[in-house]
Amino acid sequence: MKRIGLLNAPLSHAVASLGHTQALAIADAGLPIPHGPARIDLAVTPGLPSFLQTLDAVAGEMMVERAVIAAEMAAANPSLRALLVARVDRMAAAQGRPIALEEVPHEEFKRLTAAAVAVVRTGECSPYANILLHSGVTF
């Protein structure tokens, strides 16, 4: 049995399988998941696990060079956006490299998820609680 890090086997495999620039999406419970990417469904009940809990778990194991969120988050969910920006800043500091944060319209975000390796569905039930994490390299 694995002692630390991501215990969910499909999620651990997805992160370990990412190549440079490939994306992993972490999504709220309502984001439509397109055909193509693997669906890793972690949702248990509304709010469990949360978007930020899942992001924190993934951040401990993934080198991220770029992140994409919906621009609508700023108006519809400003408190989550502030927490998310702080998390991305912490992730960048921990990995010793900057993470570019890009904002796109939600409809564009949904289109971009089709190219993700996997979409991780959380139990988050707040608006626009979604992020695409693009893999960096460790060298």
# chains A, B, ... in the order shown; residues from 1 in each chain; ligands from 1
>>> select_by_dssp(residues="stretch 50-135 of chain A", states="strand (DSSP E)", output="mmCIF file with all heavy atoms, in the first residue's frame")
data_model
loop_
_atom_site.group_PDB
_atom_site.id
_atom_site.type_symbol
_atom_site.label_atom_id
_atom_site.label_comp_id
_atom_site.auth_asym_id
_atom_site.auth_seq_id
_atom_site.Cartn_x
_atom_site.Cartn_y
_atom_site.Cartn_z
ATOM 1 N N VAL A 64 3.916 22.065 -12.468
ATOM 2 C CA VAL A 64 2.961 22.833 -13.276
ATOM 3 C C VAL A 64 3.668 24.044 -13.854
ATOM 4 O O VAL A 64 4.331 24.783 -13.129
ATOM 5 C CB VAL A 64 1.756 23.288 -12.420
ATOM 6 C CG1 VAL A 64 0.794 24.138 -13.230
ATOM 7 C CG2 VAL A 64 1.044 22.080 -11.823
ATOM 8 N N GLU A 65 3.524 24.255 -15.172
ATOM 9 C CA GLU A 65 4.107 25.462 -15.760
ATOM 10 C C GLU A 65 3.054 26.482 -16.166
ATOM 11 O O GLU A 65 3.369 27.657 -16.327
ATOM 12 C CB GLU A 65 5.011 25.120 -16.949
ATOM 13 C CG GLU A 65 4.328 24.709 -18.219
ATOM 14 C CD GLU A 65 5.311 24.499 -19.365
ATOM 15 O OE1 GLU A 65 6.511 24.298 -19.115
ATOM 16 O OE2 GLU A 65 4.860 24.536 -20.516
ATOM 17 N N ARG A 66 1.802 26.021 -16.297
ATOM 18 C CA ARG A 66 0.741 26.939 -16.712
ATOM 19 C C ARG A 66 -0.581 26.427 -16.181
ATOM 20 O O ARG A 66 -0.805 25.232 -16.102
ATOM 21 C CB ARG A 66 0.693 27.004 -18.237
ATOM 22 C CG ARG A 66 -0.300 27.965 -18.809
ATOM 23 C CD ARG A 66 -0.073 28.205 -20.302
ATOM 24 N NE ARG A 66 -0.362 27.066 -21.133
ATOM 25 C CZ ARG A 66 -1.496 26.895 -21.815
ATOM 26 N NH1 ARG A 66 -2.457 27.815 -21.758
ATOM 27 N NH2 ARG A 66 -1.679 25.839 -22.564
ATOM 28 N N ALA A 67 -1.452 27.359 -15.811
ATOM 29 C CA ALA A 67 -2.786 27.014 -15.343
ATOM 30 C C ALA A 67 -3.800 27.894 -16.054
ATOM 31 O O ALA A 67 -3.517 29.056 -16.364
ATOM 32 C CB ALA A 67 -2.884 27.203 -13.834
ATOM 33 N N VAL A 68 -4.966 27.330 -16.325
ATOM 34 C CA VAL A 68 -6.030 28.059 -17.014
ATOM 35 C C VAL A 68 -7.298 27.955 -16.176
ATOM 36 O O VAL A 68 -7.655 26.868 -15.710
ATOM 37 C CB VAL A 68 -6.286 27.474 -18.421
ATOM 38 C CG1 VAL A 68 -7.390 28.250 -19.141
ATOM 39 C CG2 VAL A 68 -5.010 27.452 -19.254
ATOM 40 N N ILE A 69 -7.961 29.097 -15.991
ATOM 41 C CA ILE A 69 -9.244 29.145 -15.285
ATOM 42 C C ILE A 69 -10.236 29.953 -16.114
ATOM 43 O O ILE A 69 -9.850 30.652 -17.058
ATOM 44 C CB ILE A 69 -9.107 29.762 -13.868
ATOM 45 C CG1 ILE A 69 -8.620 31.220 -13.939
ATOM 46 C CG2 ILE A 69 -8.191 28.904 -13.000
ATOM 47 C CD1 ILE A 69 -8.607 31.942 -12.590
ATOM 48 N N ALA A 70 -11.496 29.879 -15.736
ATOM 49 C CA ALA A 70 -12.535 30.668 -16.404
ATOM 50 C C ALA A 70 -12.485 32.108 -15.897
ATOM 51 O O ALA A 70 -12.428 32.353 -14.682
ATOM 52 C CB ALA A 70 -13.911 30.071 -16.153
ATOM 53 N N ALA A 100 2.339 30.381 -14.971
ATOM 54 C CA ALA A 100 1.536 31.370 -15.687
ATOM 55 C C ALA A 100 0.063 31.040 -15.454
ATOM 56 O O ALA A 100 -0.352 29.898 -15.629
ATOM 57 C CB ALA A 100 1.858 31.328 -17.176
ATOM 58 N N LEU A 101 -0.717 32.036 -15.041
ATOM 59 C CA LEU A 101 -2.150 31.854 -14.813
ATOM 60 C C LEU A 101 -2.906 32.593 -15.903
ATOM 61 O O LEU A 101 -2.798 33.811 -16.027
ATOM 62 C CB LEU A 101 -2.559 32.366 -13.429
ATOM 63 C CG LEU A 101 -4.014 32.162 -13.037
ATOM 64 C CD1 LEU A 101 -4.393 30.683 -13.040
ATOM 65 C CD2 LEU A 101 -4.289 32.778 -11.678
ATOM 66 N N GLU A 102 -3.641 31.841 -16.689
ATOM 67 C CA GLU A 102 -4.381 32.391 -17.832
ATOM 68 C C GLU A 102 -5.873 32.304 -17.551
ATOM 69 O O GLU A 102 -6.346 31.323 -16.985
ATOM 70 C CB GLU A 102 -4.032 31.578 -19.079
ATOM 71 C CG GLU A 102 -4.682 32.045 -20.346
ATOM 72 C CD GLU A 102 -4.298 31.168 -21.542
ATOM 73 O OE1 GLU A 102 -3.331 30.391 -21.453
ATOM 74 O OE2 GLU A 102 -4.982 31.273 -22.562
ATOM 75 N N GLU A 103 -6.606 33.336 -17.939
ATOM 76 C CA GLU A 103 -8.055 33.341 -17.791
ATOM 77 C C GLU A 103 -8.699 33.410 -19.164
ATOM 78 O O GLU A 103 -8.320 34.234 -19.991
ATOM 79 C CB GLU A 103 -8.491 34.533 -16.941
ATOM 80 C CG GLU A 103 -7.945 34.453 -15.521
ATOM 81 C CD GLU A 103 -8.402 35.596 -14.649
ATOM 82 O OE1 GLU A 103 -9.613 35.650 -14.354
ATOM 83 O OE2 GLU A 103 -7.552 36.404 -14.261
ATOM 84 N N VAL A 104 -9.648 32.509 -19.402
ATOM 85 C CA VAL A 104 -10.355 32.447 -20.676
ATOM 86 C C VAL A 104 -11.854 32.400 -20.390
ATOM 87 O O VAL A 104 -12.266 32.015 -19.288
ATOM 88 C CB VAL A 104 -9.931 31.205 -21.497
ATOM 89 C CG1 VAL A 104 -8.439 31.240 -21.826
ATOM 90 C CG2 VAL A 104 -10.294 29.907 -20.797
ATOM 91 N N ALA A 118 -6.872 13.948 -18.516
ATOM 92 C CA ALA A 118 -7.924 13.480 -17.610
ATOM 93 C C ALA A 118 -8.637 14.675 -16.993
ATOM 94 O O ALA A 118 -8.060 15.757 -16.869
ATOM 95 C CB ALA A 118 -7.331 12.604 -16.500
ATOM 96 N N VAL A 119 -9.884 14.449 -16.604
ATOM 97 C CA VAL A 119 -10.669 15.440 -15.873
ATOM 98 C C VAL A 119 -11.031 14.814 -14.528
ATOM 99 O O VAL A 119 -11.627 13.736 -14.476
ATOM 100 C CB VAL A 119 -11.947 15.853 -16.630
ATOM 101 C CG1 VAL A 119 -12.760 16.852 -15.810
ATOM 102 C CG2 VAL A 119 -11.601 16.438 -17.996
ATOM 103 N N VAL A 120 -10.629 15.486 -13.461
ATOM 104 C CA VAL A 120 -10.881 15.019 -12.107
ATOM 105 C C VAL A 120 -12.127 15.730 -11.595
ATOM 106 O O VAL A 120 -12.117 16.948 -11.423
ATOM 107 C CB VAL A 120 -9.674 15.308 -11.186
ATOM 108 C CG1 VAL A 120 -9.935 14.779 -9.787
ATOM 109 C CG2 VAL A 120 -8.395 14.740 -11.777
ATOM 110 N N ARG A 121 -13.185 14.983 -11.366
ATOM 111 C CA ARG A 121 -14.449 15.556 -10.883
ATOM 112 C C ARG A 121 -14.452 15.523 -9.361
ATOM 113 O O ARG A 121 -14.320 14.476 -8.753
ATOM 114 C CB ARG A 121 -15.631 14.770 -11.434
ATOM 115 C CG ARG A 121 -16.974 15.320 -11.020
ATOM 116 C CD ARG A 121 -18.089 14.534 -11.733
ATOM 117 N NE ARG A 121 -19.379 14.945 -11.263
ATOM 118 C CZ ARG A 121 -20.108 14.284 -10.366
ATOM 119 N NH1 ARG A 121 -19.672 13.150 -9.858
ATOM 120 N NH2 ARG A 121 -21.276 14.729 -9.992
ATOM 121 N N ILE A 131 -9.984 24.164 -13.036
ATOM 122 C CA ILE A 131 -8.652 24.605 -13.449
ATOM 123 C C ILE A 131 -8.039 23.552 -14.360
ATOM 124 O O ILE A 131 -8.255 22.347 -14.172
ATOM 125 C CB ILE A 131 -7.749 24.878 -12.220
ATOM 126 C CG1 ILE A 131 -6.472 25.603 -12.627
ATOM 127 C CG2 ILE A 131 -7.452 23.585 -11.463
ATOM 128 C CD1 ILE A 131 -5.689 26.180 -11.446
ATOM 129 N N LEU A 132 -7.340 24.020 -15.357
ATOM 130 C CA LEU A 132 -6.512 23.156 -16.201
ATOM 131 C C LEU A 132 -5.067 23.376 -15.783
ATOM 132 O O LEU A 132 -4.580 24.515 -15.797
ATOM 133 C CB LEU A 132 -6.660 23.522 -17.680
ATOM 134 C CG LEU A 132 -7.840 22.919 -18.414
ATOM 135 C CD1 LEU A 132 -8.074 23.657 -19.725
ATOM 136 C CD2 LEU A 132 -7.606 21.446 -18.680
ATOM 137 N N LEU A 133 -4.392 22.309 -15.392
ATOM 138 C CA LEU A 133 -2.992 22.381 -14.998
ATOM 139 C C LEU A 133 -2.151 21.776 -16.114
ATOM 140 O O LEU A 133 -2.307 20.601 -16.450
ATOM 141 C CB LEU A 133 -2.773 21.603 -13.706
ATOM 142 C CG LEU A 133 -3.581 22.050 -12.490
ATOM 143 C CD1 LEU A 133 -3.396 21.060 -11.349
ATOM 144 C CD2 LEU A 133 -3.156 23.455 -12.064
ATOM 145 N N HIS A 134 -1.274 22.585 -16.692
ATOM 146 C CA HIS A 134 -0.402 22.115 -17.770
ATOM 147 C C HIS A 134 0.940 21.711 -17.170
ATOM 148 O O HIS A 134 1.572 22.498 -16.455
ATOM 149 C CB HIS A 134 -0.219 23.204 -18.834
ATOM 150 C CG HIS A 134 -1.461 23.435 -19.626
ATOM 151 N ND1 HIS A 134 -1.720 22.791 -20.806
ATOM 152 C CD2 HIS A 134 -2.546 24.214 -19.380
ATOM 153 C CE1 HIS A 134 -2.894 23.178 -21.269
ATOM 154 N NE2 HIS A 134 -3.417 24.040 -20.406
ATOM 155 N N SER A 135 1.350 20.518 -17.495
ATOM 156 C CA SER A 135 2.539 19.944 -16.909
ATOM 157 C C SER A 135 3.820 20.628 -17.382
ATOM 158 O O SER A 135 3.991 20.915 -18.563
ATOM 159 C CB SER A 135 2.606 18.447 -17.272
ATOM 160 O OG SER A 135 3.742 17.849 -16.710
#
>>> residues_around(residues="A:Met91", least_positions_apart="4", cutoff="10 Å", atoms="only C-alpha atoms", output="JSON list (two decimals) with N, CA, C and O atoms, in the first residue's frame")
[["chain", "number", "residue", "atom", "x", "y", "z"],
["A", 55, "LEU", "N", -6.93, 20.14, -5.46],
["A", 55, "LEU", "CA", -5.80, 20.88, -6.02],
["A", 55, "LEU", "C", -4.57, 20.73, -5.15],
["A", 55, "LEU", "O", -3.46, 20.50, -5.65],
["A", 56, "ASP", "N", -4.72, 20.85, -3.84],
["A", 56, "ASP", "CA", -3.59, 20.71, -2.93],
["A", 56, "ASP", "C", -2.95, 19.33, -3.06],
["A", 56, "ASP", "O", -1.72, 19.20, -3.06],
["A", 59, "ALA", "N", -1.12, 19.16, -6.39],
["A", 59, "ALA", "CA", 0.02, 20.09, -6.41],
["A", 59, "ALA", "C", 1.26, 19.49, -5.76],
["A", 59, "ALA", "O", 2.39, 19.82, -6.15],
["A", 60, "GLY", "N", 1.07, 18.62, -4.81],
["A", 60, "GLY", "CA", 2.20, 17.99, -4.15],
["A", 60, "GLY", "C", 2.97, 17.03, -5.02],
["A", 60, "GLY", "O", 4.09, 16.65, -4.70],
["A", 62, "MET", "N", 2.77, 17.23, -8.81],
["A", 62, "MET", "CA", 2.81, 17.63, -10.22],
["A", 62, "MET", "C", 3.62, 18.90, -10.41],
["A", 62, "MET", "O", 3.44, 19.87, -9.68],
["A", 63, "MET", "N", 4.49, 18.91, -11.40],
["A", 63, "MET", "CA", 5.20, 20.12, -11.82],
["A", 63, "MET", "C", 4.28, 20.84, -12.80],
["A", 63, "MET", "O", 3.87, 20.27, -13.81],
["A", 64, "VAL", "N", 3.92, 22.06, -12.47],
["A", 64, "VAL", "CA", 2.96, 22.83, -13.28],
["A", 64, "VAL", "C", 3.67, 24.04, -13.85],
["A", 64, "VAL", "O", 4.33, 24.78, -13.13],
["A", 85, "VAL", "N", -5.66, 31.81, -6.44],
["A", 85, "VAL", "CA", -4.46, 32.55, -6.82],
["A", 85, "VAL", "C", -3.36, 32.37, -5.76],
["A", 85, "VAL", "O", -2.19, 32.16, -6.09],
["A", 86, "ALA", "N", -3.75, 32.40, -4.50],
["A", 86, "ALA", "CA", -2.78, 32.17, -3.43],
["A", 86, "ALA", "C", -2.20, 30.76, -3.51],
["A", 86, "ALA", "O", -0.99, 30.57, -3.31],
["A", 87, "ARG", "N", -3.04, 29.77, -3.81],
["A", 87, "ARG", "CA", -2.56, 28.38, -3.95],
["A", 87, "ARG", "C", -1.58, 28.28, -5.11],
["A", 87, "ARG", "O", -0.55, 27.62, -4.99],
["A", 95, "GLN", "N", 7.73, 24.72, -6.11],
["A", 95, "GLN", "CA", 8.44, 24.06, -7.19],
["A", 95, "GLN", "C", 9.62, 24.88, -7.70],
["A", 95, "GLN", "O", 10.39, 24.42, -8.53],
["A", 96, "GLY", "N", 9.74, 26.11, -7.22],
["A", 96, "GLY", "CA", 10.87, 26.95, -7.60],
["A", 96, "GLY", "C", 10.80, 27.50, -9.01],
["A", 96, "GLY", "O", 11.81, 27.93, -9.57],
["A", 97, "ARG", "N", 9.60, 27.52, -9.57],
["A", 97, "ARG", "CA", 9.40, 28.04, -10.93],
["A", 97, "ARG", "C", 8.05, 28.74, -11.00],
["A", 97, "ARG", "O", 7.09, 28.31, -10.36],
["A", 98, "PRO", "N", 7.95, 29.78, -11.80],
["A", 98, "PRO", "CA", 6.66, 30.48, -11.91],
["A", 98, "PRO", "C", 5.62, 29.62, -12.62],
["A", 98, "PRO", "O", 5.95, 28.71, -13.38],
["A", 99, "ILE", "N", 4.38, 29.93, -12.33],
["A", 99, "ILE", "CA", 3.24, 29.29, -13.01],
["A", 99, "ILE", "C", 2.44, 30.41, -13.65],
["A", 99, "ILE", "O", 1.93, 31.30, -12.96]]
>>> closest_residue(among="A:Ala76, A:Ala116, A:Ala92, A:Val137", to="A:Ala27", atoms="only C-alpha atoms")
A:Ala116
>>> closest_residue(among="A:Val117, A:Ala74, A:Leu84, A:Ala38", to="A:Gln53", atoms="only C-alpha atoms")
A:Leu84
>>> residues_around(residues="stretch 77-79 of chain A", least_positions_apart="6", cutoff="10 Å", atoms="only C-alpha atoms", output="PyMOL selection string")
chain A and resi 126-129
